[in-house]
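A.B. asks: Structure supplied as upload26.txt; contents: compact mmCIF, C-alpha atoms.
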# COMPACT_ATOMS: atom_id res chain seq x y z
CA GLY A 267 -25.98 -50.56 -56.07
CA ILE A 268 -23.82 -53.31 -57.42
CA SER A 269 -22.92 -56.51 -55.65
CA ALA A 270 -19.22 -56.59 -54.83
CA LYS A 271 -16.86 -58.77 -52.86
CA ALA A 272 -13.30 -58.43 -51.65
CA VAL A 273 -11.51 -61.66 -52.46
CA ASN A 274 -8.45 -62.36 -50.36
CA GLY A 275 -6.81 -65.06 -48.29
CA GLU A 276 -9.06 -64.32 -45.31
CA SER A 277 -12.35 -64.25 -47.23
CA TRP A 278 -11.61 -67.21 -49.52
CA CYS A 279 -13.66 -70.32 -48.74
CA PRO A 280 -15.64 -72.94 -50.70
CA SER A 281 -18.82 -70.87 -50.37
CA LEU A 282 -17.18 -67.78 -51.87
CA HIS A 283 -15.69 -69.90 -54.64
CA GLN A 284 -19.19 -71.15 -55.52
CA LYS A 285 -20.72 -67.66 -55.42
CA ILE A 286 -18.09 -66.36 -57.82
CA LEU A 287 -18.69 -69.31 -60.16
CA GLN A 288 -22.43 -68.58 -59.98
CA GLN A 289 -21.69 -64.95 -60.90
CA LYS A 290 -23.27 -63.54 -57.74
CA TYR A 291 -20.96 -60.50 -57.82
CA GLN A 292 -20.75 -57.71 -60.35
CA ALA A 293 -17.41 -56.45 -59.01
CA ILE A 294 -14.58 -58.45 -57.52
CA LEU A 295 -11.79 -56.70 -55.64
CA ALA A 296 -8.56 -58.68 -55.35
CA SER A 297 -4.88 -58.07 -54.80
CA PRO A 298 -2.27 -58.86 -57.44
CA GLU A 299 -1.09 -61.72 -55.23
CA MET A 300 -4.59 -63.23 -55.13
CA CYS A 301 -4.98 -62.96 -58.90
CA LEU A 302 -1.55 -64.31 -59.76
CA LYS A 303 -0.73 -66.83 -57.02
CA HIS A 304 -3.99 -68.31 -55.66
CA SER A 305 -4.59 -71.37 -57.84
CA ALA A 306 -8.36 -71.73 -57.30
CA PHE A 307 -9.05 -68.04 -57.93
CA ARG A 308 -6.72 -68.01 -60.92
CA GLU A 309 -8.68 -70.96 -62.33
CA ILE A 310 -11.83 -68.81 -62.20
CA LEU A 311 -10.02 -65.95 -63.93
CA ASN A 312 -8.98 -68.40 -66.66
CA SER A 313 -12.53 -69.64 -67.24
CA LYS A 314 -14.47 -68.82 -70.40
CA ASP A 315 -17.50 -67.64 -68.39
CA PHE A 316 -15.38 -65.10 -66.54
CA TYR A 317 -13.72 -63.95 -69.76
CA ASP A 318 -17.06 -63.57 -71.53
CA ASP A 319 -18.58 -61.49 -68.73
CA ILE A 320 -15.73 -59.20 -67.71
CA ILE A 321 -16.46 -55.55 -68.44
CA GLY A 322 -13.11 -54.05 -67.45
CA PHE A 323 -9.98 -54.24 -65.36
CA VAL A 324 -9.17 -51.68 -62.65
CA VAL A 325 -5.91 -51.17 -60.80
CA ASP A 326 -6.39 -48.90 -57.80
CA GLU A 327 -3.32 -47.27 -56.28
CA SER A 328 -1.50 -47.93 -59.54
CA HIS A 329 1.58 -46.06 -58.34
CA CYS A 330 2.32 -49.27 -56.42
CA ILE A 331 3.27 -50.88 -59.75
CA SER A 332 6.25 -48.54 -59.84
CA GLN A 333 6.93 -48.38 -56.10
CA TRP A 334 6.34 -52.02 -55.16
CA GLY A 335 6.92 -53.93 -58.40
CA GLY A 336 10.44 -54.96 -57.40
CA ASP A 337 11.45 -57.14 -54.48
CA PHE A 338 8.84 -55.89 -51.96
CA ARG A 339 5.68 -57.08 -53.78
CA PRO A 340 6.87 -58.44 -57.12
CA GLU A 341 3.33 -59.33 -58.25
CA TYR A 342 2.70 -55.62 -58.86
CA GLY A 343 5.35 -55.81 -61.55
CA GLU A 344 3.59 -58.81 -63.13
CA LEU A 345 0.17 -57.20 -63.61
CA ALA A 346 0.54 -57.19 -67.39
CA SER A 347 -0.16 -60.93 -67.31
CA LEU A 348 -3.65 -60.15 -65.96
CA CYS A 349 -4.41 -58.18 -69.12
CA ALA A 350 -4.77 -61.56 -70.82
CA PHE A 351 -8.03 -61.98 -68.86
CA VAL A 352 -9.45 -58.78 -70.37
CA PRO A 353 -10.97 -59.14 -73.84
CA ALA A 354 -9.77 -56.72 -76.52
CA GLY A 355 -11.71 -53.49 -76.46
CA LYS A 356 -12.58 -53.67 -72.76
CA PRO A 357 -11.32 -50.76 -70.66
CA ILE A 358 -8.35 -50.82 -68.34
CA LEU A 359 -8.45 -48.15 -65.63
CA ALA A 360 -5.41 -47.28 -63.52
CA THR A 361 -6.06 -44.85 -60.66
CA SER A 362 -3.75 -43.04 -58.27
CA ALA A 363 -3.66 -39.77 -56.39
CA THR A 364 0.14 -39.75 -56.35
CA LEU A 365 1.24 -40.90 -59.80
CA THR A 366 4.37 -39.11 -60.98
CA PRO A 367 5.04 -38.72 -64.73
CA GLN A 368 7.77 -41.38 -64.50
CA ALA A 369 5.46 -43.77 -62.62
CA LEU A 370 2.71 -43.09 -65.20
CA GLU A 371 5.04 -44.31 -67.94
CA GLU A 372 5.83 -47.44 -65.91
CA VAL A 373 2.12 -48.10 -65.33
CA GLN A 374 1.32 -47.69 -69.02
CA LYS A 375 4.14 -50.06 -69.94
CA SER A 376 3.28 -52.59 -67.25
CA LEU A 377 -0.44 -52.70 -68.13
CA LEU A 378 0.19 -52.61 -71.89
CA ILE A 379 -1.72 -49.33 -72.23
CA ASP A 380 -1.18 -47.73 -75.63
CA LYS A 381 -0.61 -43.99 -75.10
CA ASP A 382 -2.22 -43.23 -78.47
CA LEU A 383 -5.41 -45.12 -77.61
CA SER A 384 -5.82 -43.88 -74.04
CA PHE A 385 -6.02 -40.68 -72.07
CA HIS A 386 -4.56 -39.42 -68.82
CA LEU A 387 -6.69 -37.30 -66.49
CA ASN A 388 -4.82 -35.37 -63.81
CA LEU A 389 -7.05 -33.31 -61.54
CA GLY A 390 -4.17 -32.54 -59.20
CA ASN A 391 -4.21 -33.23 -55.52
CA ASP A 392 -4.39 -29.67 -54.21
CA GLN A 393 -7.82 -29.94 -52.64
CA SER A 394 -9.34 -27.25 -50.43
CA ASN A 395 -10.81 -29.85 -48.08
CA VAL A 396 -7.42 -31.50 -47.38
CA ALA A 397 -4.92 -29.97 -44.96
CA TYR A 398 -1.84 -31.03 -43.07
CA GLY A 399 -1.95 -30.93 -39.31
CA VAL A 400 0.04 -31.99 -36.27
CA MET A 401 -1.68 -33.30 -33.18
CA TYR A 402 0.07 -34.15 -29.97
CA ILE A 403 -1.09 -37.22 -28.09
CA ASN A 404 -0.17 -38.55 -24.68
CA GLY A 405 1.14 -42.02 -25.32
CA LYS A 406 0.45 -44.79 -27.79
CA SER A 407 -3.13 -45.38 -26.67
CA ASP A 408 -4.42 -41.79 -26.39
CA TYR A 409 -6.98 -42.23 -29.16
CA THR A 410 -9.31 -39.63 -27.64
CA ALA A 411 -6.87 -36.98 -28.89
CA LEU A 412 -8.01 -37.91 -32.40
CA ASP A 413 -11.72 -37.34 -31.70
CA SER A 414 -11.64 -33.84 -33.20
CA ILE A 415 -10.70 -35.17 -36.64
CA LEU A 416 -13.09 -38.11 -36.72
Do you think you could lay out the structure here as structure tokens?
C.D. replies:
Amino acid sequence: GISAKAVNGESWCPSLHQKILQQKYQAILASPEMCLKHSAFREILNSKDFYDDIIGFVVDESHCISQWGGDFRPEYGELASLCAFVPAGKPILATSATLTPQALEEVQKSLLIDKDLSFHLNLGNDQSNVAYGVMYINGKSDYTALDSIL
């Protein structure tokens, strides 16, 4: 497997900072807020070593760029500035199970993705192993009612 670490306000500490500088992780998972607003982490993103070693940039749940990029979580609307950390020719991947055509256009614009140099893969979300269901529970703490789906 690959070594990965979630970097957020709760996990950030001097030890984690050092491990990232020492390139102990092959994948770093971080929120837009962490990348754009946390000064020590942003300093790492700005470093030449980080720039030289990055292999790509991934935005999971990219529909949030469209849905949350306004007043709720404005950093989602500022993700294009993170593209500066990605060397030319390195891939940018935006994933979502619920990306509408309009939101796709917003994501492409926000992440500076050239439509002519990229592709869009839509496998649909009509999956045979996914179904809607209603379960009745007795009160807020009746978690045993959920045993059948776990």
A.B. asks: So which residues touch stretch 302-318 of chain A within 10 Å, counting all atoms listed in the file, skipping near sequence neighbours fewer than 6 positions away, as a list in words?
C.D. replies: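 Those residues are Val273, Asn274, Gly275, Trp278, Pro280, His283, Ile286, Leu287, Gln288, Gln289, Ala296, Glu341, Tyr342, Glu344, Leu345, Ser347, Leu348, Ala350, Phe351, Val352 and Pro353 of chain A.
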A.B. asks: How close does stretch 338-366 of chain A get to stretch 378-402 of chain A? List, as CSV, each residue of stretch 338-366 of chain A within 8 Å, its nearest atom pair and the distance in Å to one decimal, counting only C-alpha atoms.
C.D. replies:
residue,atom,partner,partner_atom,distance
A:Ala346,CA,A:Leu378,CA,6.4
A:Cys349,CA,A:Leu378,CA,7.7
A:Ile358,CA,A:Ile379,CA,7.8
A:Ala363,CA,A:Asn391,CA,6.6
A:Thr364,CA,A:Asn391,CA,7.9
A.B. asks: I'd like the contact shell of A:Val325 - 10 Å cut-off, all atoms listed in the file, skipping same-chain residues fewer than 3 positions apart - returned as a list in words.
C.D. replies: Leu295, Ala296, Ser297, Pro298, Ser328, His329, Cys330, Ile331, Tyr342, Leu345, Ile358, Leu359, Ala360, Thr361, Ser362, Val373 and Leu377 of chain A
A.B. asks: Restricting the calculation to all atoms listed in the file, which member of A:Ala270, A:Ser277, A:Ile403, A:Ile321 is positioned closest to A:Lys290?
C.D. replies: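 That would be A:Ala270, the residue with the smallest distance to A:Lys290.
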A.B. asks: Rounded to one decimal place, report the atom CA of A:Asp319-atom CA of A:Lys375 distance in Å.
C.D. replies: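 Computing it gives 25.5 Å between the two atoms.
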A.B. asks: Will you model N, CA and C atoms for stretch 323-358 of chain A and pass it back as a PDB file, keeping the file's coordinate frame?
C.D. replies:
ATOM      1  N   PHE A 323     -11.042 -53.883 -66.300  1.00  0.00           N
ATOM      2  CA  PHE A 323      -9.980 -54.240 -65.360  1.00  0.00           C
ATOM      3  C   PHE A 323      -9.510 -52.946 -64.715  1.00  0.00           C
ATOM      4  N   VAL A 324      -9.532 -52.894 -63.384  1.00  0.00           N
ATOM      5  CA  VAL A 324      -9.170 -51.680 -62.650  1.00  0.00           C
ATOM      6  C   VAL A 324      -8.004 -51.973 -61.727  1.00  0.00           C
ATOM      7  N   VAL A 325      -7.016 -51.099 -61.756  1.00  0.00           N
ATOM      8  CA  VAL A 325      -5.910 -51.170 -60.800  1.00  0.00           C
ATOM      9  C   VAL A 325      -5.973 -49.900 -59.970  1.00  0.00           C
ATOM     10  N   ASP A 326      -6.371 -50.037 -58.711  1.00  0.00           N
ATOM     11  CA  ASP A 326      -6.390 -48.900 -57.800  1.00  0.00           C
ATOM     12  C   ASP A 326      -4.990 -48.749 -57.208  1.00  0.00           C
ATOM     13  N   GLU A 327      -4.649 -47.547 -56.830  1.00  0.00           N
ATOM     14  CA  GLU A 327      -3.320 -47.270 -56.280  1.00  0.00           C
ATOM     15  C   GLU A 327      -2.232 -47.749 -57.239  1.00  0.00           C
ATOM     16  N   SER A 328      -2.396 -47.403 -58.510  1.00  0.00           N
ATOM     17  CA  SER A 328      -1.500 -47.930 -59.540  1.00  0.00           C
ATOM     18  C   SER A 328      -0.055 -47.488 -59.385  1.00  0.00           C
ATOM     19  N   HIS A 329       0.191 -46.448 -58.591  1.00  0.00           N
ATOM     20  CA  HIS A 329       1.580 -46.060 -58.340  1.00  0.00           C
ATOM     21  C   HIS A 329       2.363 -47.191 -57.674  1.00  0.00           C
ATOM     22  N   CYS A 330       1.656 -48.124 -57.052  1.00  0.00           N
ATOM     23  CA  CYS A 330       2.320 -49.270 -56.420  1.00  0.00           C
ATOM     24  C   CYS A 330       3.026 -50.154 -57.445  1.00  0.00           C
ATOM     25  N   ILE A 331       2.584 -50.118 -58.696  1.00  0.00           N
ATOM     26  CA  ILE A 331       3.270 -50.880 -59.750  1.00  0.00           C
ATOM     27  C   ILE A 331       4.716 -50.420 -59.824  1.00  0.00           C
ATOM     28  N   SER A 332       4.905 -49.108 -59.765  1.00  0.00           N
ATOM     29  CA  SER A 332       6.250 -48.540 -59.840  1.00  0.00           C
ATOM     30  C   SER A 332       6.985 -48.680 -58.513  1.00  0.00           C
ATOM     31  N   GLN A 333       6.286 -48.393 -57.415  1.00  0.00           N
ATOM     32  CA  GLN A 333       6.930 -48.380 -56.100  1.00  0.00           C
ATOM     33  C   GLN A 333       7.175 -49.775 -55.539  1.00  0.00           C
ATOM     34  N   TRP A 334       6.268 -50.710 -55.807  1.00  0.00           N
ATOM     35  CA  TRP A 334       6.340 -52.020 -55.160  1.00  0.00           C
ATOM     36  C   TRP A 334       6.638 -53.152 -56.120  1.00  0.00           C
ATOM     37  N   GLY A 335       6.768 -52.879 -57.400  1.00  0.00           N
ATOM     38  CA  GLY A 335       6.920 -53.930 -58.400  1.00  0.00           C
ATOM     39  C   GLY A 335       8.233 -54.675 -58.363  1.00  0.00           C
ATOM     40  N   GLY A 336       9.143 -54.284 -57.496  1.00  0.00           N
ATOM     41  CA  GLY A 336      10.440 -54.960 -57.400  1.00  0.00           C
ATOM     42  C   GLY A 336      10.408 -56.089 -56.398  1.00  0.00           C
ATOM     43  N   ASP A 337      11.318 -56.062 -55.453  1.00  0.00           N
ATOM     44  CA  ASP A 337      11.450 -57.140 -54.480  1.00  0.00           C
ATOM     45  C   ASP A 337      10.354 -57.145 -53.418  1.00  0.00           C
ATOM     46  N   PHE A 338       9.784 -55.966 -53.080  1.00  0.00           N
ATOM     47  CA  PHE A 338       8.840 -55.890 -51.960  1.00  0.00           C
ATOM     48  C   PHE A 338       7.555 -56.664 -52.258  1.00  0.00           C
ATOM     49  N   ARG A 339       6.885 -56.357 -53.346  1.00  0.00           N
ATOM     50  CA  ARG A 339       5.680 -57.080 -53.780  1.00  0.00           C
ATOM     51  C   ARG A 339       5.785 -57.284 -55.282  1.00  0.00           C
ATOM     52  N   PRO A 340       6.565 -58.269 -55.697  1.00  0.00           N
ATOM     53  CA  PRO A 340       6.870 -58.440 -57.120  1.00  0.00           C
ATOM     54  C   PRO A 340       5.646 -58.649 -58.006  1.00  0.00           C
ATOM     55  N   GLU A 341       4.529 -59.104 -57.440  1.00  0.00           N
ATOM     56  CA  GLU A 341       3.330 -59.330 -58.250  1.00  0.00           C
ATOM     57  C   GLU A 341       2.825 -58.033 -58.887  1.00  0.00           C
ATOM     58  N   TYR A 342       3.087 -56.890 -58.246  1.00  0.00           N
ATOM     59  CA  TYR A 342       2.700 -55.620 -58.860  1.00  0.00           C
ATOM     60  C   TYR A 342       3.405 -55.414 -60.190  1.00  0.00           C
ATOM     61  N   GLY A 343       4.606 -55.916 -60.302  1.00  0.00           N
ATOM     62  CA  GLY A 343       5.350 -55.810 -61.550  1.00  0.00           C
ATOM     63  C   GLY A 343       4.900 -56.809 -62.601  1.00  0.00           C
ATOM     64  N   GLU A 344       4.051 -57.763 -62.214  1.00  0.00           N
ATOM     65  CA  GLU A 344       3.590 -58.810 -63.130  1.00  0.00           C
ATOM     66  C   GLU A 344       2.136 -58.605 -63.572  1.00  0.00           C
ATOM     67  N   LEU A 345       1.581 -57.435 -63.304  1.00  0.00           N
ATOM     68  CA  LEU A 345       0.170 -57.200 -63.610  1.00  0.00           C
ATOM     69  C   LEU A 345      -0.166 -57.288 -65.093  1.00  0.00           C
ATOM     70  N   ALA A 346       0.808 -57.091 -65.944  1.00  0.00           N
ATOM     71  CA  ALA A 346       0.540 -57.190 -67.390  1.00  0.00           C
ATOM     72  C   ALA A 346      -0.030 -58.556 -67.743  1.00  0.00           C
ATOM     73  N   SER A 347       0.368 -59.592 -67.007  1.00  0.00           N
ATOM     74  CA  SER A 347      -0.160 -60.930 -67.310  1.00  0.00           C
ATOM     75  C   SER A 347      -1.661 -61.010 -67.065  1.00  0.00           C
ATOM     76  N   LEU A 348      -2.197 -60.155 -66.197  1.00  0.00           N
ATOM     77  CA  LEU A 348      -3.650 -60.150 -65.960  1.00  0.00           C
ATOM     78  C   LEU A 348      -4.412 -59.547 -67.129  1.00  0.00           C
ATOM     79  N   CYS A 349      -3.740 -58.768 -67.942  1.00  0.00           N
ATOM     80  CA  CYS A 349      -4.410 -58.180 -69.120  1.00  0.00           C
ATOM     81  C   CYS A 349      -4.893 -59.265 -70.070  1.00  0.00           C
ATOM     82  N   ALA A 350      -4.320 -60.449 -69.983  1.00  0.00           N
ATOM     83  CA  ALA A 350      -4.770 -61.560 -70.820  1.00  0.00           C
ATOM     84  C   ALA A 350      -6.202 -61.979 -70.480  1.00  0.00           C
ATOM     85  N   PHE A 351      -6.666 -61.639 -69.280  1.00  0.00           N
ATOM     86  CA  PHE A 351      -8.030 -61.980 -68.860  1.00  0.00           C
ATOM     87  C   PHE A 351      -9.046 -60.958 -69.351  1.00  0.00           C
ATOM     88  N   VAL A 352      -8.566 -59.866 -69.934  1.00  0.00           N
ATOM     89  CA  VAL A 352      -9.450 -58.780 -70.370  1.00  0.00           C
ATOM     90  C   VAL A 352      -9.581 -58.839 -71.893  1.00  0.00           C
ATOM     91  N   PRO A 353     -10.785 -59.087 -72.391  1.00  0.00           N
ATOM     92  CA  PRO A 353     -10.970 -59.140 -73.840  1.00  0.00           C
ATOM     93  C   PRO A 353     -10.583 -57.826 -74.521  1.00  0.00           C
ATOM     94  N   ALA A 354     -10.132 -57.914 -75.749  1.00  0.00           N
ATOM     95  CA  ALA A 354      -9.770 -56.720 -76.520  1.00  0.00           C
ATOM     96  C   ALA A 354     -10.950 -55.766 -76.577  1.00  0.00           C
ATOM     97  N   GLY A 355     -10.668 -54.505 -76.405  1.00  0.00           N
ATOM     98  CA  GLY A 355     -11.710 -53.490 -76.460  1.00  0.00           C
ATOM     99  C   GLY A 355     -12.329 -53.164 -75.117  1.00  0.00           C
ATOM    100  N   LYS A 356     -12.053 -53.964 -74.093  1.00  0.00           N
ATOM    101  CA  LYS A 356     -12.580 -53.670 -72.760  1.00  0.00           C
ATOM    102  C   LYS A 356     -11.636 -52.688 -72.074  1.00  0.00           C
ATOM    103  N   PRO A 357     -12.172 -51.789 -71.261  1.00  0.00           N
ATOM    104  CA  PRO A 357     -11.320 -50.760 -70.660  1.00  0.00           C
ATOM    105  C   PRO A 357     -10.417 -51.274 -69.547  1.00  0.00           C
ATOM    106  N   ILE A 358      -9.271 -50.625 -69.454  1.00  0.00           N
ATOM    107  CA  ILE A 358      -8.350 -50.820 -68.340  1.00  0.00           C
ATOM    108  C   ILE A 358      -8.213 -49.465 -67.673  1.00  0.00           C
TER     109      ILE A 358
END
